[in-house]
Each structure stands twice: as structure tokens, then as C-alpha cells.
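Student: Please find one structure pasted underneath; my questions will follow.
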Amino acid sequence: MLMGNSDVETESGSGEQEQKPRTQHKGKHDKPKPWDDPSIDHWKIEKFDPSWNEGGMLEVSSFSTLFPQYREKYLQEAWPIVKTALKEHGISCELNLVEGSMTISTTRKTRDPYIIIKARDLIKLLSRSVPAPQAIKILNDEMQCDIIKIGNLVRNKERFVKRRQHLVGPNSSTLKALEILTGCYILVQGNTVAAMGSFKGLKQVRRIVEDCIQNKMHPVYHIKILMLKKELAKDPTLANENWDRFLPKFKKKNVKQKKVKSKEKKPYTPFPPPQQPSKIDLQLESGEYFLSDKKKSAKKWQEKQEKQAGKTAENKRKREEAFVPPKEPTRQDAGTSKDEKNEVAAIALSLKKKAKELGKQKSTENIDAEKYIASGDIPLKKKSKRSRT
């Protein structure tokens, strides 16, 4: 019995069996598409044409965000620039100084449906201290933004401030290097980091910022890796290869922390500690409680005088310390030091040597011994002028 989907087997005269290949039937959807062309760049963002949406928006969309009080003065000055930039795209904006908020909404003139999201990012950046001329660039299709929250990554405030300073670097040098390598604008402000650039650059910035605040890797090491990647990208032969073997691997060094002194636990006792005597109990013990007011005040005055006298004596002693002459170092006459002994031995040897030389030459030359020892040289005998003649 043969099924419709089974392969048909045929027997030849030689008795060999052959299988026919199964054929695939193309359906109505398996047709070549006009966009399946290698010349078309699918990742390219085309500029919006108003003719694509001539009817405009059906509903009004609006977003609002709050801004801190210290930004009020700057936003008031820069608001006309923001208003003109949004007006070109058909977006209305409002600055409410009473509530401390910025509101944007679509109008009948709005054609691009995504521009309202861009405008929302614009007011977010303005509230995070990004300058208005820089923030307006977010309205371009190529520019994206990311606001990274870093305040809740570290609990200790001192550590947070220290790690945030690592991100900025001395004279903002680390931040400038990151901006050049990632191609993004980065601004560290308070508990957030605002970044503007391409998707690829923003991804790198987020990773670097989170690694720095969580103390996983210092930004300087990330800069080294990015520089190496930039150099490797220039080589076309390494385009389809793994770069891990070229990149450095940094090991985290554990810095020794101060050991917290643990308090010794006292043995548990079910009984409460004994009650401490009160002030009245102490007065009753000393007998002060039964004294009259005059005697009490006299006793207090006397204690005060004694305390004052002790203090003045101590101050006087401190003042007189400056005039006490220092102790002079005493000379050790009993025994000579090793250095002195060595010097004496060296002089004795030199004298013996000179005495020996003197004994040898005494027979031939008439030498004054005292002069020889004092000078340390052998005087040469001068030939007289008469003997020459």
C-alpha cells in the first residue's frame, strides 16, 4: 500500500532500488521581495518626509517632567531657544515655574509621530543640567540619549563620591578620553550620568559607568581596551576574527581593609546589673547632704580654688620648660673608642716603618731623624757646586 506522502520506489531490470528526491512546493508567500536586495542598507535611518503623514496626528500626546530649583534661572533664559527648535517640528512647549515642570505636547502641525519621544528626551536632558544647545541635538534622527541612574548602586555616600570622581578624573581628563573614544557627549551630574550619541556608543558608556560605580573595573582600563579595539578595527584581516587574544585581561586586586574590632561578648547572666547609686545617695554617704547652704557653697569655692591653683602651676611649669638649659653630653674619659684605638695603631705602624727605613740609610747618608719623621719623605743629598767643578 502506497501513501501519498511516501517516496515511490521503482525496481529496475537489474534489481537495484532507487529513491526519488522529495520536491518542495513553493507557496504564494515564497516569492522574491523587492526589499531583498543586497544594495539596500536596512540599518540606514531615512529622514522623515512630511508627505508620509499629511493628515497629522489623531490624538494629542503630551509629556511633562520636573526640574530642580537650581535650573530655574538657566531654563528661563534658554527657553526661547528650546521653543523655536520645537516649533519647527510642530511641538508646543510650556515652562511652569510655579510647579517647577516642563510640558511638551503635539499640535495639528505635527507630522512626525516619533518627534514627541525626541521632545520628551529633550526636556529630560534639560532637567539633568545638559546645556540647551547640546540638548537640542537630540531632535536629530541619528542622535540618541541615555540617562544612567547611579545613586542607588552604592549605599555608602563617601564611596559613591570617590567612585564618581574616578569617572570624571583629574581636570575631567578621563571623561574627555571616554567622549573621544565612544563618540558620545557625557555629563556627570548628581545621581545621574547623561549621555548622548549613537546606540553603540551609549551601550559602551553605560557599561563603563556601571563598572566604575560598582567597583568592577576602573575607567582607565576601559579606555585602554577601547584604544586597542580602535587600532584593531583598522586592520581588515582581523574583521571576522575574535579579538579577545589581543585585549588585555585585568585582574582585580583586593585592597586590604581595616579589620573592625569585634567587642568581646560578656557571659550571659539572667540577673539585671546592680542599680547605680543616685546623687542623693552619694551625698548621704559623704555627709554632704546634711550640710547647710553656706557650707556647701564654701566647699564648692574651695574645690574651685584648688583646681585653679593646680591649673596655674601646670601652666607655669610649661612656660618655664622653655628656659631650662639642655643637658650637656659627658665625655667618656675612662675608655677610648674603637676608632681612636685604630688610629693610634695606624700611627704606630707608620712610625716603625719609617724607623726601619732610617736604619738602612743611616750608614750611607747623614739624615736628620726628626725632620724625616715629620715630613714622611727621604731627603735627597744635594751635590755641592765645588764637587761638580
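Residues in the C-alpha cells are named by chain (A, B, ... in the order shown) and by number from 1 within that chain; ligands are numbered from 1 in the order shown.
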Could you find all residues in segment 28-153 of chain A that DSSP calls strand (DSSP E or B) from the backbone, and write them as a list in words?
Tutor: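 These are the residues in question: Ser62, Phe63, Ser64, Thr65, Leu66, Ile91, Ser92, Cys93, Glu94, Leu95, Asn96, Ser101, Met102, Thr103, Ile104, Ser105, Thr106, Gln144, Cys145, Asp146, Ile147, Ile148 and Lys149 of chain A.
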Student: List every residue of segment 11-114 of chain A that DSSP, applied to the backbone of this structure, places in alpha helix (DSSP H), and write the result as a PyMOL selection string.
Tutor: chain A and resi 72-87
Student: Need to verify the contact set: Ile115 of chain A, 9 Å, only C-alpha atoms, exclusion of same-chain residues closer than 5 positions in sequence. Can you return it as a PyMOL selection string?
Tutor: chain A and resi 89-91+106+110+120+139
Student: Write out as a PyMOL selection string which residues come within 12 Å of Pro219 of chain A when counting only C-alpha atoms, dropping same-chain ones fewer than 2 positions away.
Tutor: chain A and resi 163-169+173-178+204-217+221-226+250
Student: With only C-alpha atoms as the atoms that count, which of A:Gln144, A:Asn242, A:Ser262, A:Asn152 lies nearest to Lys203 of chain A?
Tutor: A:Gln144
Student: For Asn191 of chain A, list every protein, DNA or RNA residue within 7 Å, evaluated using only C-alpha atoms, and leave out those in the same chain fewer than 6 positions away; present the list as number ranges by chain.
Tutor: A: 149-151
Student: Within 7 Å of Tyr185 of chain A, counting only C-alpha atoms, which residues show up once you throw out same-chain ones fewer than 4 positions away? Write them as a JSON list (two decimals) with all heavy atoms, in the first residue's frame, please.
Tutor:
[["chain", "number", "residue", "atom", "x", "y", "z"],
["A", 179, "GLU", "N", 34.73, 60.40, 25.99],
["A", 179, "GLU", "CA", 33.93, 61.09, 24.96],
["A", 179, "GLU", "C", 34.55, 60.90, 23.57],
["A", 179, "GLU", "O", 33.83, 60.68, 22.59],
["A", 179, "GLU", "CB", 33.82, 62.58, 25.29],
["A", 179, "GLU", "CG", 32.81, 62.88, 26.39],
["A", 179, "GLU", "CD", 32.69, 64.36, 26.68],
["A", 179, "GLU", "OE1", 33.48, 65.16, 26.12],
["A", 179, "GLU", "OE2", 31.81, 64.75, 27.47],
["A", 195, "ALA", "N", 24.11, 60.82, 28.79],
["A", 195, "ALA", "CA", 24.97, 60.54, 27.63],
["A", 195, "ALA", "C", 24.16, 60.73, 26.35],
["A", 195, "ALA", "O", 22.97, 60.38, 26.30],
["A", 195, "ALA", "CB", 25.51, 59.12, 27.70],
["A", 196, "MET", "N", 24.82, 61.28, 25.31],
["A", 196, "MET", "CA", 24.19, 61.49, 24.00],
["A", 196, "MET", "C", 25.12, 60.99, 22.92],
["A", 196, "MET", "O", 26.32, 61.29, 22.93],
["A", 196, "MET", "CB", 23.92, 62.98, 23.78],
["A", 196, "MET", "CG", 22.82, 63.55, 24.65],
["A", 196, "MET", "SD", 22.68, 65.33, 24.46],
["A", 196, "MET", "CE", 22.10, 65.45, 22.78],
["A", 197, "GLY", "N", 24.57, 60.20, 21.98],
["A", 197, "GLY", "CA", 25.38, 59.67, 20.88],
["A", 197, "GLY", "C", 24.67, 58.55, 20.16],
["A", 197, "GLY", "O", 23.43, 58.45, 20.20]]
